[in-house]
>>> print(open('start02.cif').read())   # mmCIF, N, CA and C atoms
data_work
#
loop_
_atom_site.group_PDB
_atom_site.id
_atom_site.type_symbol
_atom_site.label_atom_id
_atom_site.label_comp_id
_atom_site.auth_asym_id
_atom_site.auth_seq_id
_atom_site.Cartn_x
_atom_site.Cartn_y
_atom_site.Cartn_z
ATOM 1 N N MET A 10 2.878 -3.199 14.902
ATOM 2 C CA MET A 10 2.248 -3.100 13.598
ATOM 3 C C MET A 10 2.589 -1.739 13.014
ATOM 4 N N ASN A 11 3.083 -1.720 11.812
ATOM 5 C CA ASN A 11 3.392 -0.440 11.176
ATOM 6 C C ASN A 11 2.418 -0.193 10.023
ATOM 7 N N ASN A 12 2.601 0.916 9.349
ATOM 8 C CA ASN A 12 1.679 1.297 8.283
ATOM 9 C C ASN A 12 1.615 0.238 7.192
ATOM 10 N N ASP A 13 2.744 -0.373 6.842
ATOM 11 C CA ASP A 13 2.744 -1.426 5.826
ATOM 12 C C ASP A 13 1.937 -2.636 6.291
ATOM 13 N N THR A 14 2.032 -2.935 7.576
ATOM 14 C CA THR A 14 1.290 -4.061 8.124
ATOM 15 C C THR A 14 -0.207 -3.780 8.094
ATOM 16 N N ILE A 15 -0.590 -2.555 8.404
ATOM 17 C CA ILE A 15 -2.007 -2.201 8.348
ATOM 18 C C ILE A 15 -2.523 -2.398 6.925
ATOM 19 N N LYS A 16 -1.797 -1.884 5.948
ATOM 20 C CA LYS A 16 -2.223 -2.030 4.559
ATOM 21 C C LYS A 16 -2.268 -3.492 4.152
ATOM 22 N N GLY A 17 -1.258 -4.238 4.536
ATOM 23 C CA GLY A 17 -1.171 -5.637 4.138
ATOM 24 C C GLY A 17 -2.233 -6.516 4.766
ATOM 25 N N ASN A 18 -2.676 -6.151 5.948
ATOM 26 C CA ASN A 18 -3.659 -6.950 6.676
ATOM 27 C C ASN A 18 -4.998 -6.235 6.794
ATOM 28 N N TRP A 19 -5.269 -5.303 5.904
ATOM 29 C CA TRP A 19 -6.439 -4.443 6.056
ATOM 30 C C TRP A 19 -7.739 -5.241 6.167
ATOM 31 N N GLU A 20 -7.899 -6.273 5.380
ATOM 32 C CA GLU A 20 -9.138 -7.049 5.436
ATOM 33 C C GLU A 20 -9.354 -7.647 6.825
ATOM 34 N N GLN A 21 -8.275 -8.013 7.501
ATOM 35 C CA GLN A 21 -8.376 -8.574 8.843
ATOM 36 C C GLN A 21 -8.530 -7.482 9.896
ATOM 37 N N VAL A 22 -7.908 -6.345 9.674
ATOM 38 C CA VAL A 22 -7.859 -5.276 10.675
ATOM 39 C C VAL A 22 -9.100 -4.398 10.644
ATOM 40 N N LYS A 23 -9.740 -4.267 9.496
ATOM 41 C CA LYS A 23 -10.808 -3.278 9.381
ATOM 42 C C LYS A 23 -11.977 -3.549 10.318
ATOM 43 N N GLY A 24 -12.257 -4.795 10.631
ATOM 44 C CA GLY A 24 -13.302 -5.094 11.617
ATOM 45 C C GLY A 24 -12.947 -4.563 12.986
ATOM 46 N N HIS A 25 -11.677 -4.661 13.340
ATOM 47 C CA HIS A 25 -11.217 -4.146 14.631
ATOM 48 C C HIS A 25 -11.254 -2.620 14.641
ATOM 49 N N VAL A 26 -10.947 -2.022 13.500
ATOM 50 C CA VAL A 26 -11.005 -0.557 13.381
ATOM 51 C C VAL A 26 -12.437 -0.088 13.598
ATOM 52 N N GLN A 27 -13.368 -0.760 12.964
ATOM 53 C CA GLN A 27 -14.765 -0.347 13.099
ATOM 54 C C GLN A 27 -15.282 -0.595 14.518
ATOM 55 N N LYS A 28 -14.777 -1.622 15.168
ATOM 56 C CA LYS A 28 -15.166 -1.879 16.555
ATOM 57 C C LYS A 28 -14.627 -0.781 17.472
ATOM 58 N N LYS A 29 -13.358 -0.395 17.251
ATOM 59 C CA LYS A 29 -12.728 0.639 18.091
ATOM 60 C C LYS A 29 -13.350 2.008 17.845
ATOM 61 N N TRP A 30 -13.538 2.357 16.586
ATOM 62 C CA TRP A 30 -14.103 3.653 16.215
ATOM 63 C C TRP A 30 -15.459 3.409 15.565
ATOM 64 N N GLY A 31 -16.441 3.094 16.398
ATOM 65 C CA GLY A 31 -17.758 2.648 15.951
ATOM 66 C C GLY A 31 -18.557 3.649 15.141
ATOM 67 N N GLU A 32 -18.195 4.914 15.199
ATOM 68 C CA GLU A 32 -18.930 5.904 14.421
ATOM 69 C C GLU A 32 -18.532 5.901 12.947
ATOM 70 N N LEU A 33 -17.474 5.193 12.606
ATOM 71 C CA LEU A 33 -17.068 5.088 11.205
ATOM 72 C C LEU A 33 -18.016 4.132 10.482
ATOM 73 N N THR A 34 -18.516 4.544 9.346
ATOM 74 C CA THR A 34 -19.423 3.698 8.567
ATOM 75 C C THR A 34 -18.616 2.665 7.781
ATOM 76 N N ASN A 35 -19.309 1.675 7.276
ATOM 77 C CA ASN A 35 -18.653 0.669 6.431
ATOM 78 C C ASN A 35 -17.990 1.322 5.228
ATOM 79 N N ASP A 36 -18.675 2.281 4.616
ATOM 80 C CA ASP A 36 -18.110 2.976 3.452
ATOM 81 C C ASP A 36 -16.837 3.727 3.826
ATOM 82 N N GLU A 37 -16.840 4.387 4.981
ATOM 83 C CA GLU A 37 -15.649 5.124 5.408
ATOM 84 C C GLU A 37 -14.489 4.175 5.678
ATOM 85 N N VAL A 38 -14.775 3.050 6.302
ATOM 86 C CA VAL A 38 -13.728 2.068 6.574
ATOM 87 C C VAL A 38 -13.171 1.538 5.251
ATOM 88 N N ASP A 39 -14.028 1.319 4.276
ATOM 89 C CA ASP A 39 -13.556 0.882 2.961
ATOM 90 C C ASP A 39 -12.691 1.952 2.300
ATOM 91 N N GLN A 40 -13.050 3.228 2.469
ATOM 92 C CA GLN A 40 -12.271 4.332 1.899
ATOM 93 C C GLN A 40 -10.887 4.423 2.529
ATOM 94 N N ILE A 41 -10.784 4.110 3.801
ATOM 95 C CA ILE A 41 -9.501 4.177 4.512
ATOM 96 C C ILE A 41 -8.507 3.218 3.863
ATOM 97 N N ASN A 42 -8.971 2.013 3.576
ATOM 98 C CA ASN A 42 -8.182 1.026 2.836
ATOM 99 C C ASN A 42 -6.757 0.869 3.375
ATOM 100 N N GLY A 43 -6.612 0.901 4.699
ATOM 101 C CA GLY A 43 -5.308 0.682 5.308
ATOM 102 C C GLY A 43 -4.411 1.895 5.365
ATOM 103 N N ASN A 44 -4.899 3.048 4.932
ATOM 104 C CA ASN A 44 -4.082 4.264 4.907
ATOM 105 C C ASN A 44 -4.200 4.982 6.253
ATOM 106 N N ARG A 45 -3.106 5.035 6.973
ATOM 107 C CA ARG A 45 -3.083 5.628 8.307
ATOM 108 C C ARG A 45 -3.510 7.096 8.296
ATOM 109 N N LYS A 46 -3.067 7.863 7.316
ATOM 110 C CA LYS A 46 -3.422 9.290 7.263
ATOM 111 C C LYS A 46 -4.922 9.471 7.060
ATOM 112 N N VAL A 47 -5.513 8.644 6.221
ATOM 113 C CA VAL A 47 -6.954 8.726 5.997
ATOM 114 C C VAL A 47 -7.697 8.331 7.268
ATOM 115 N N LEU A 48 -7.233 7.292 7.947
ATOM 116 C CA LEU A 48 -7.835 6.880 9.217
ATOM 117 C C LEU A 48 -7.769 8.016 10.226
ATOM 118 N N ALA A 49 -6.619 8.647 10.351
ATOM 119 C CA ALA A 49 -6.468 9.760 11.289
ATOM 120 C C ALA A 49 -7.442 10.886 10.936
ATOM 121 N N GLY A 50 -7.579 11.179 9.666
ATOM 122 C CA GLY A 50 -8.505 12.222 9.233
ATOM 123 C C GLY A 50 -9.944 11.893 9.580
ATOM 124 N N LYS A 51 -10.330 10.642 9.387
ATOM 125 C CA LYS A 51 -11.691 10.224 9.717
ATOM 126 C C LYS A 51 -11.944 10.299 11.219
ATOM 127 N N ILE A 52 -10.942 9.925 12.016
ATOM 128 C CA ILE A 52 -11.078 10.014 13.471
ATOM 129 C C ILE A 52 -11.234 11.471 13.887
ATOM 130 N N GLN A 53 -10.432 12.343 13.295
ATOM 131 C CA GLN A 53 -10.532 13.766 13.588
ATOM 132 C C GLN A 53 -11.929 14.286 13.243
ATOM 133 N N GLU A 54 -12.413 13.914 12.084
ATOM 134 C CA GLU A 54 -13.708 14.384 11.592
ATOM 135 C C GLU A 54 -14.861 13.879 12.458
ATOM 136 N N LYS A 55 -14.872 12.585 12.746
ATOM 137 C CA LYS A 55 -15.996 11.968 13.459
ATOM 138 C C LYS A 55 -15.999 12.262 14.955
ATOM 139 N N TYR A 56 -14.801 12.346 15.535
ATOM 140 C CA TYR A 56 -14.703 12.460 16.984
ATOM 141 C C TYR A 56 -14.193 13.818 17.459
ATOM 142 N N GLY A 57 -13.885 14.714 16.543
ATOM 143 C CA GLY A 57 -13.422 16.040 16.927
ATOM 144 C C GLY A 57 -12.065 16.034 17.613
ATOM 145 N N ARG A 58 -11.237 15.074 17.258
ATOM 146 C CA ARG A 58 -9.902 14.964 17.859
ATOM 147 C C ARG A 58 -8.911 15.838 17.094
ATOM 148 N N ALA A 59 -7.897 16.291 17.812
ATOM 149 C CA ALA A 59 -6.777 16.968 17.169
ATOM 150 C C ALA A 59 -5.938 15.908 16.463
ATOM 151 N N GLN A 60 -5.126 16.344 15.518
ATOM 152 C CA GLN A 60 -4.319 15.401 14.741
ATOM 153 C C GLN A 60 -3.425 14.553 15.633
ATOM 154 N N ASP A 61 -2.765 15.189 16.609
ATOM 155 C CA ASP A 61 -1.866 14.414 17.476
ATOM 156 C C ASP A 61 -2.639 13.406 18.331
ATOM 157 N N GLU A 62 -3.855 13.744 18.732
ATOM 158 C CA GLU A 62 -4.671 12.799 19.492
ATOM 159 C C GLU A 62 -5.060 11.599 18.624
ATOM 160 N N ALA A 63 -5.472 11.876 17.399
ATOM 161 C CA ALA A 63 -5.848 10.796 16.479
ATOM 162 C C ALA A 63 -4.651 9.883 16.224
ATOM 163 N N GLU A 64 -3.484 10.472 16.000
ATOM 164 C CA GLU A 64 -2.272 9.677 15.767
ATOM 165 C C GLU A 64 -1.945 8.827 16.992
ATOM 166 N N ARG A 65 -2.108 9.393 18.177
ATOM 167 C CA ARG A 65 -1.830 8.650 19.409
ATOM 168 C C ARG A 65 -2.809 7.474 19.548
ATOM 169 N N GLU A 66 -4.074 7.690 19.229
ATOM 170 C CA GLU A 66 -5.053 6.602 19.288
ATOM 171 C C GLU A 66 -4.678 5.476 18.324
ATOM 172 N N ILE A 67 -4.246 5.848 17.139
ATOM 173 C CA ILE A 67 -3.845 4.845 16.150
ATOM 174 C C ILE A 67 -2.613 4.098 16.637
ATOM 175 N N ASP A 68 -1.660 4.814 17.226
ATOM 176 C CA ASP A 68 -0.469 4.156 17.787
ATOM 177 C C ASP A 68 -0.864 3.126 18.842
ATOM 178 N N GLU A 69 -1.762 3.521 19.736
ATOM 179 C CA GLU A 69 -2.216 2.606 20.781
ATOM 180 C C GLU A 69 -2.921 1.399 20.172
ATOM 181 N N PHE A 70 -3.731 1.654 19.155
ATOM 182 C CA PHE A 70 -4.432 0.574 18.454
ATOM 183 C C PHE A 70 -3.423 -0.393 17.824
ATOM 184 N N GLU A 71 -2.430 0.153 17.143
ATOM 185 C CA GLU A 71 -1.406 -0.690 16.500
ATOM 186 C C GLU A 71 -0.635 -1.498 17.527
ATOM 187 N N ASN A 72 -0.332 -0.902 18.671
ATOM 188 C CA ASN A 72 0.450 -1.593 19.703
ATOM 189 C C ASN A 72 -0.342 -2.708 20.391
ATOM 190 N N SER A 73 -1.655 -2.700 20.225
ATOM 191 C CA SER A 73 -2.465 -3.738 20.838
ATOM 192 C C SER A 73 -2.417 -5.043 20.034
ATOM 193 N N TYR A 74 -1.761 -5.011 18.867
ATOM 194 C CA TYR A 74 -1.631 -6.206 18.028
ATOM 195 C C TYR A 74 -0.260 -6.793 18.116
#
>>> encode(input="start02.cif", output="structure tokens")
Amino acid sequence: MNNDTIKGNWEQVKGHVQKKWGELTNDEVDQINGNRKVLAGKIQEKYGRAQDEAEREIDEFENSY
């Protein structure tokens, strides 16, 4: 799954995103709107992850599909 796929399938993927990163609120998930950079920023903010860690988590998440 690449960034275009996330954007294209956001309505289907966002439930999985919220399940994986449960501290994200519904409003935050709506703000992400399939944008990988915004997702990484929210993960960094909520979980105190470094940028490379957040990107790695997203990569792992994408590879699970």
>>> closest_residue(input="start02.cif", among="A:Ala59, A:Trp19, A:Ile52, A:Val47", to="Glu32 in chain A", atoms="only C-alpha atoms")
A:Ile52
>>> axis_aligned_box(input="start02.cif", around="range 16-33 of chain A", padding_each_side="8 Å", output="lines of an AutoDock Vina configuration file")
center_x = -10.1
center_y = -1.3
center_z = 11.1
size_x = 33.8
size_y = 30.5
size_z = 30.0
>>> residues_around(input="start02.cif", residues="Ala49 in chain A", least_positions_apart="3", cutoff="8 Å", atoms="all atoms listed in the file", output="ChimeraX atom specification")
/A:41,44-46,52-55,59-60,62-64,67
>>> resolve_selection(input="start02.cif", expression="the PyMOL selection byres (((chain A and resi 24 and name CA) around 12) and name CA)", output="tab-separated table (two decimals) with N, CA and C atoms, in the frame of the given file")
chain	number	residue	atom	x	y	z
A	18	ASN	N	-2.68	-6.15	5.95
A	18	ASN	CA	-3.66	-6.95	6.68
A	18	ASN	C	-5.00	-6.24	6.79
A	19	TRP	N	-5.27	-5.30	5.90
A	19	TRP	CA	-6.44	-4.44	6.06
A	19	TRP	C	-7.74	-5.24	6.17
A	20	GLU	N	-7.90	-6.27	5.38
A	20	GLU	CA	-9.14	-7.05	5.44
A	20	GLU	C	-9.35	-7.65	6.82
A	21	GLN	N	-8.28	-8.01	7.50
A	21	GLN	CA	-8.38	-8.57	8.84
A	21	GLN	C	-8.53	-7.48	9.90
A	22	VAL	N	-7.91	-6.34	9.67
A	22	VAL	CA	-7.86	-5.28	10.68
A	22	VAL	C	-9.10	-4.40	10.64
A	23	LYS	N	-9.74	-4.27	9.50
A	23	LYS	CA	-10.81	-3.28	9.38
A	23	LYS	C	-11.98	-3.55	10.32
A	25	HIS	N	-11.68	-4.66	13.34
A	25	HIS	CA	-11.22	-4.15	14.63
A	25	HIS	C	-11.25	-2.62	14.64
A	26	VAL	N	-10.95	-2.02	13.50
A	26	VAL	CA	-11.00	-0.56	13.38
A	26	VAL	C	-12.44	-0.09	13.60
A	27	GLN	N	-13.37	-0.76	12.96
A	27	GLN	CA	-14.76	-0.35	13.10
A	27	GLN	C	-15.28	-0.60	14.52
A	28	LYS	N	-14.78	-1.62	15.17
A	28	LYS	CA	-15.17	-1.88	16.56
A	28	LYS	C	-14.63	-0.78	17.47
A	29	LYS	N	-13.36	-0.40	17.25
A	29	LYS	CA	-12.73	0.64	18.09
A	29	LYS	C	-13.35	2.01	17.84
A	30	TRP	N	-13.54	2.36	16.59
A	30	TRP	CA	-14.10	3.65	16.22
A	30	TRP	C	-15.46	3.41	15.56
A	31	GLY	N	-16.44	3.09	16.40
A	31	GLY	CA	-17.76	2.65	15.95
A	31	GLY	C	-18.56	3.65	15.14
A	33	LEU	N	-17.47	5.19	12.61
A	33	LEU	CA	-17.07	5.09	11.20
A	33	LEU	C	-18.02	4.13	10.48
A	34	THR	N	-18.52	4.54	9.35
A	34	THR	CA	-19.42	3.70	8.57
A	34	THR	C	-18.62	2.66	7.78
A	35	ASN	N	-19.31	1.68	7.28
A	35	ASN	CA	-18.65	0.67	6.43
A	35	ASN	C	-17.99	1.32	5.23
A	38	VAL	N	-14.78	3.05	6.30
A	38	VAL	CA	-13.73	2.07	6.57
A	38	VAL	C	-13.17	1.54	5.25
A	39	ASP	N	-14.03	1.32	4.28
A	39	ASP	CA	-13.56	0.88	2.96
A	39	ASP	C	-12.69	1.95	2.30
A	42	ASN	N	-8.97	2.01	3.58
A	42	ASN	CA	-8.18	1.03	2.84
A	42	ASN	C	-6.76	0.87	3.38
A	43	GLY	N	-6.61	0.90	4.70
A	43	GLY	CA	-5.31	0.68	5.31
A	43	GLY	C	-4.41	1.90	5.36
